[in-house]
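Contents: one structure, followed by commentary.
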Amino acid sequence: RIRATLAGCDLAMSRHATLRALTTLRASMTHAAASTSASMAQASALSAPLTSSSTRAHIAWAPARTFASGLTIDGGVTSAYEAVPESVVLVSDDRKPVIDPESGLDVARKAVYGVVQIRSHQFKVSPDDLILVDKIKGVDINDVVSLPRVLMLGNKDRTVIGRPTVPGAEVLALVEEQVRDGKKIIFKKKRRKNYRRSNGYRAQLTGLRVLEINGIEEA
């Protein structure tokens, strides 16, 4: 048995163990040197100006760009805010319809439809439809909201698909009610552990009456 010093530690080991340790140490040092040289070569390649031969490699290395714009019907590119607008916008008072206190609001039904996105949910709507969405804060009864995130429009003759939204399209809706959904029972049980829990949950909802769909005419 011989005594060898590795990494500042005085170790007593056999000849075969010493040779094995030295081989492993040499291999790790070679791998570290190769990794360092590869990293320096990649950094110099990225800092150098792009040529026709290095364009493909640069595109492959570049990270995937997040969605930041939308495509218009004629092939143009819109900004991120116009491509994905706010899902609910409170309209001004001059655009509110006149509501009769006795007969209410009469909405004319049209043979058009639209697919709107409100937060993380999508709804297919037509004029005079009533939809229940997650509670919209900051609105009152009889307020009119605009739903500009229109993903699709259609009538009997044609269908317009947004990329991701249809430019210039919107759906106007009237806040008709603020309600709570029916109770849902959440029951948990672990067998043989004497564990049972029962809880109730009622979601807060906002009822929207669709007034009109702008962006497409009835066929």
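Ordered as shown in the structure tokens, chains take letters A, B, and onward, while each chain numbers its residues from 1 and ligands are numbered from 1 in the order shown.
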
| task | Please provide as number ranges by chain all residues within 7 Å of range 146-161 of chain A, with the sequence filter that same-chain residues fewer than 2 positions apart are discarded (counting only C-alpha atoms). | result | A: 84-91, 111-117, 144, 163-166, 169-173, 216, 218-219

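The environment of Glu177 in chain A within 9 Å, counting only C-alpha atoms and disregarding residues fewer than 3 places along the same chain, consists of Asp140, Ile141, Asn142, Leu205, Thr206, Gly207 and Leu208 of chain A.
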
Output N, CA, C and O atoms for every residue in that selection, as a PDB file, in the first residue's frame.
ATOM      1  N   ASP A 140     -71.936  47.992 -12.835  1.00  0.00           N
ATOM      2  CA  ASP A 140     -73.229  47.963 -12.164  1.00  0.00           C
ATOM      3  C   ASP A 140     -74.287  47.453 -13.123  1.00  0.00           C
ATOM      4  O   ASP A 140     -74.058  47.294 -14.322  1.00  0.00           O
ATOM      5  N   ILE A 141     -75.459  47.229 -12.585  1.00  0.00           N
ATOM      6  CA  ILE A 141     -76.592  46.799 -13.406  1.00  0.00           C
ATOM      7  C   ILE A 141     -76.931  47.901 -14.422  1.00  0.00           C
ATOM      8  O   ILE A 141     -76.872  49.092 -14.113  1.00  0.00           O
ATOM      9  N   ASN A 142     -77.255  47.486 -15.639  1.00  0.00           N
ATOM     10  CA  ASN A 142     -77.604  48.369 -16.769  1.00  0.00           C
ATOM     11  C   ASN A 142     -76.385  49.082 -17.357  1.00  0.00           C
ATOM     12  O   ASN A 142     -76.558  49.982 -18.187  1.00  0.00           O
ATOM     13  N   LEU A 205     -71.235  35.240 -10.333  1.00  0.00           N
ATOM     14  CA  LEU A 205     -71.363  35.357 -11.781  1.00  0.00           C
ATOM     15  C   LEU A 205     -71.965  36.701 -12.154  1.00  0.00           C
ATOM     16  O   LEU A 205     -72.645  37.346 -11.349  1.00  0.00           O
ATOM     17  N   THR A 206     -71.729  37.087 -13.402  1.00  0.00           N
ATOM     18  CA  THR A 206     -72.319  38.291 -13.998  1.00  0.00           C
ATOM     19  C   THR A 206     -73.072  37.873 -15.251  1.00  0.00           C
ATOM     20  O   THR A 206     -72.512  37.199 -16.122  1.00  0.00           O
ATOM     21  N   GLY A 207     -74.343  38.273 -15.326  1.00  0.00           N
ATOM     22  CA  GLY A 207     -75.158  37.970 -16.500  1.00  0.00           C
ATOM     23  C   GLY A 207     -75.053  39.082 -17.530  1.00  0.00           C
ATOM     24  O   GLY A 207     -75.322  40.244 -17.222  1.00  0.00           O
ATOM     25  N   LEU A 208     -74.665  38.733 -18.755  1.00  0.00           N
ATOM     26  CA  LEU A 208     -74.515  39.688 -19.845  1.00  0.00           C
ATOM     27  C   LEU A 208     -75.539  39.383 -20.936  1.00  0.00           C
ATOM     28  O   LEU A 208     -75.623  38.235 -21.408  1.00  0.00           O
TER      29      LEU A 208
END

| message | Would you compute the distance between CA of Asp93 in chain A and CA of Lys110 in chain A? Give it in Å to one decimal. | response |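 For CA of Asp93 in chain A relative to CA of Lys110 in chain A, the distance reads 24.4 Å.
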
| message | Taking the DSSP secondary structure from the backbone, can you list the residues of range 109-169 of chain A that are strand (DSSP E or B), as a PyMOL selection string? | response | chain A and resi 113-118+121-125+130-134+144-147+150-154+159-161

| message | Show me, as a count of residues only, the residues that have an atom within 12 Å of Leu105 in chain A when counting only C-alpha atoms, minus same-chain residues fewer than 2 positions from it. | response | 19
